[in-house]
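Trainee: Before I ask anything, here is the structure I am working with.
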Amino acid sequence: MRKVIIDCDPGHDDVMAILETMAHPETFELLGISTVCGNNLCERVTENALHVLEWIGRTDIPVARGSLKPLVYDPEPQAAHGYNGLEGFE
């Protein structure tokens, strides 16, 4: 069993990584999720991670919000990912 912490900016691809990890409890133990600014602002992608865990009934998994902005550049939410970085998911 591999212990895993997923560091991500939950948009569609990272949500799939979370779900795939959770689909294989015999292989992975998800210890937590940390979020970073990427597809959208950190506050929004953190909400995405929390919503996904709530949706699959795993609110026991801790989520830690990372830095509100990148170290070098200003945050630039990507319009292609919708208003929250996960278009269509509420």
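Ordering of the structure tokens sets the chain letters (A, B, ...), residue numbers begin anew at 1 in every chain, and ligands are numbered from 1 in the order given.
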Quick one: everything within 10 Å of Glu43 in chain A, counting only C-alpha atoms, minus sequence neighbours fewer than 3 positions away in the same chain. Send it as number ranges by chain.
Mentor: A: 35-37, 40, 46-48, 65-68, 84
Trainee: Among the residues of chain A, find those DSSP assigns to strand (DSSP E or B) from the backbone and print them as a list of chain:residue names.
Mentor: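 Taking chain A and keeping strand (DSSP E or B) only, one gets A:Arg2, A:Lys3, A:Val4, A:Ile5, A:Ile6, A:Asp7, A:Cys8, A:Phe28, A:Glu29, A:Leu30, A:Leu31, A:Gly32, A:Ile33, A:Ser34, A:Thr35, A:Val63, A:Ala64, A:Arg65.
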Trainee: Could those residues be written to a file, using N, CA and C atoms, as a tab-separated table (two decimals), in the first residue's frame?
Mentor:
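The resulting file, out.tsv, is reproduced below:
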chain	number	residue	atom	x	y	z
A	2	ARG	N	0.58	2.15	-0.90
A	2	ARG	CA	1.33	3.41	-0.98
A	2	ARG	C	0.53	4.52	-0.31
A	3	LYS	N	1.19	5.24	0.57
A	3	LYS	CA	0.58	6.40	1.21
A	3	LYS	C	0.79	7.59	0.28
A	4	VAL	N	-0.29	8.34	0.01
A	4	VAL	CA	-0.25	9.38	-1.01
A	4	VAL	C	-0.80	10.69	-0.45
A	5	ILE	N	-0.13	11.78	-0.80
A	5	ILE	CA	-0.66	13.13	-0.63
A	5	ILE	C	-0.71	13.73	-2.03
A	6	ILE	N	-1.87	14.20	-2.43
A	6	ILE	CA	-2.03	14.78	-3.76
A	6	ILE	C	-1.94	16.31	-3.64
A	7	ASP	N	-0.97	16.89	-4.32
A	7	ASP	CA	-0.79	18.34	-4.38
A	7	ASP	C	-1.28	18.78	-5.74
A	8	CYS	N	-2.33	19.61	-5.77
A	8	CYS	CA	-2.99	19.85	-7.05
A	8	CYS	C	-3.70	21.19	-7.08
A	28	PHE	N	-3.68	2.42	-2.76
A	28	PHE	CA	-3.35	3.75	-2.28
A	28	PHE	C	-4.11	4.09	-1.00
A	29	GLU	N	-3.41	4.73	-0.08
A	29	GLU	CA	-4.04	5.33	1.09
A	29	GLU	C	-3.86	6.84	0.94
A	30	LEU	N	-4.94	7.55	0.65
A	30	LEU	CA	-4.86	8.99	0.46
A	30	LEU	C	-4.83	9.67	1.82
A	31	LEU	N	-3.68	10.23	2.17
A	31	LEU	CA	-3.50	10.86	3.47
A	31	LEU	C	-4.03	12.28	3.50
A	32	GLY	N	-4.06	12.94	2.34
A	32	GLY	CA	-4.54	14.31	2.30
A	32	GLY	C	-4.36	14.91	0.92
A	33	ILE	N	-4.92	16.10	0.78
A	33	ILE	CA	-4.83	16.86	-0.47
A	33	ILE	C	-4.38	18.26	-0.11
A	34	SER	N	-3.40	18.77	-0.84
A	34	SER	CA	-3.01	20.17	-0.70
A	34	SER	C	-3.31	20.85	-2.04
A	35	THR	N	-3.69	22.10	-1.95
A	35	THR	CA	-4.10	22.82	-3.16
A	35	THR	C	-3.18	24.01	-3.42
A	63	VAL	N	-7.79	18.48	3.82
A	63	VAL	CA	-7.42	19.34	2.69
A	63	VAL	C	-6.71	20.56	3.26
A	64	ALA	N	-5.55	20.87	2.72
A	64	ALA	CA	-4.77	22.04	3.15
A	64	ALA	C	-4.61	22.99	1.99
A	65	ARG	N	-5.05	24.23	2.19
A	65	ARG	CA	-4.88	25.25	1.16
A	65	ARG	C	-3.44	25.75	1.18
Trainee: Please, which residues of chain A, numbered as in this document, come out alpha helix (DSSP H) from DSSP, as a ChimeraX atom specification?
Mentor: /A:12-22,42-55
Trainee: Separation of CA of Leu50 in chain A and CA of Glu20 in chain A, in Å?
Mentor: 16.2 Å
Trainee: In terms of the shortest atom-to-atom distance over only C-alpha atoms, which of A:Thr21, A:Pro70, A:Cys42, A:Met16 is closest to Met1 in chain A?
Mentor: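 Distance minimum relative to Met1 in chain A lands on A:Thr21.
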Trainee: Counting only C-alpha atoms, which residue out of A:Asp14, A:His51, A:Pro25, A:Asp9 sits closest to Lys69 in chain A?
Mentor: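 Ranked by minimum distance to Lys69 in chain A, first place goes to A:Asp9.
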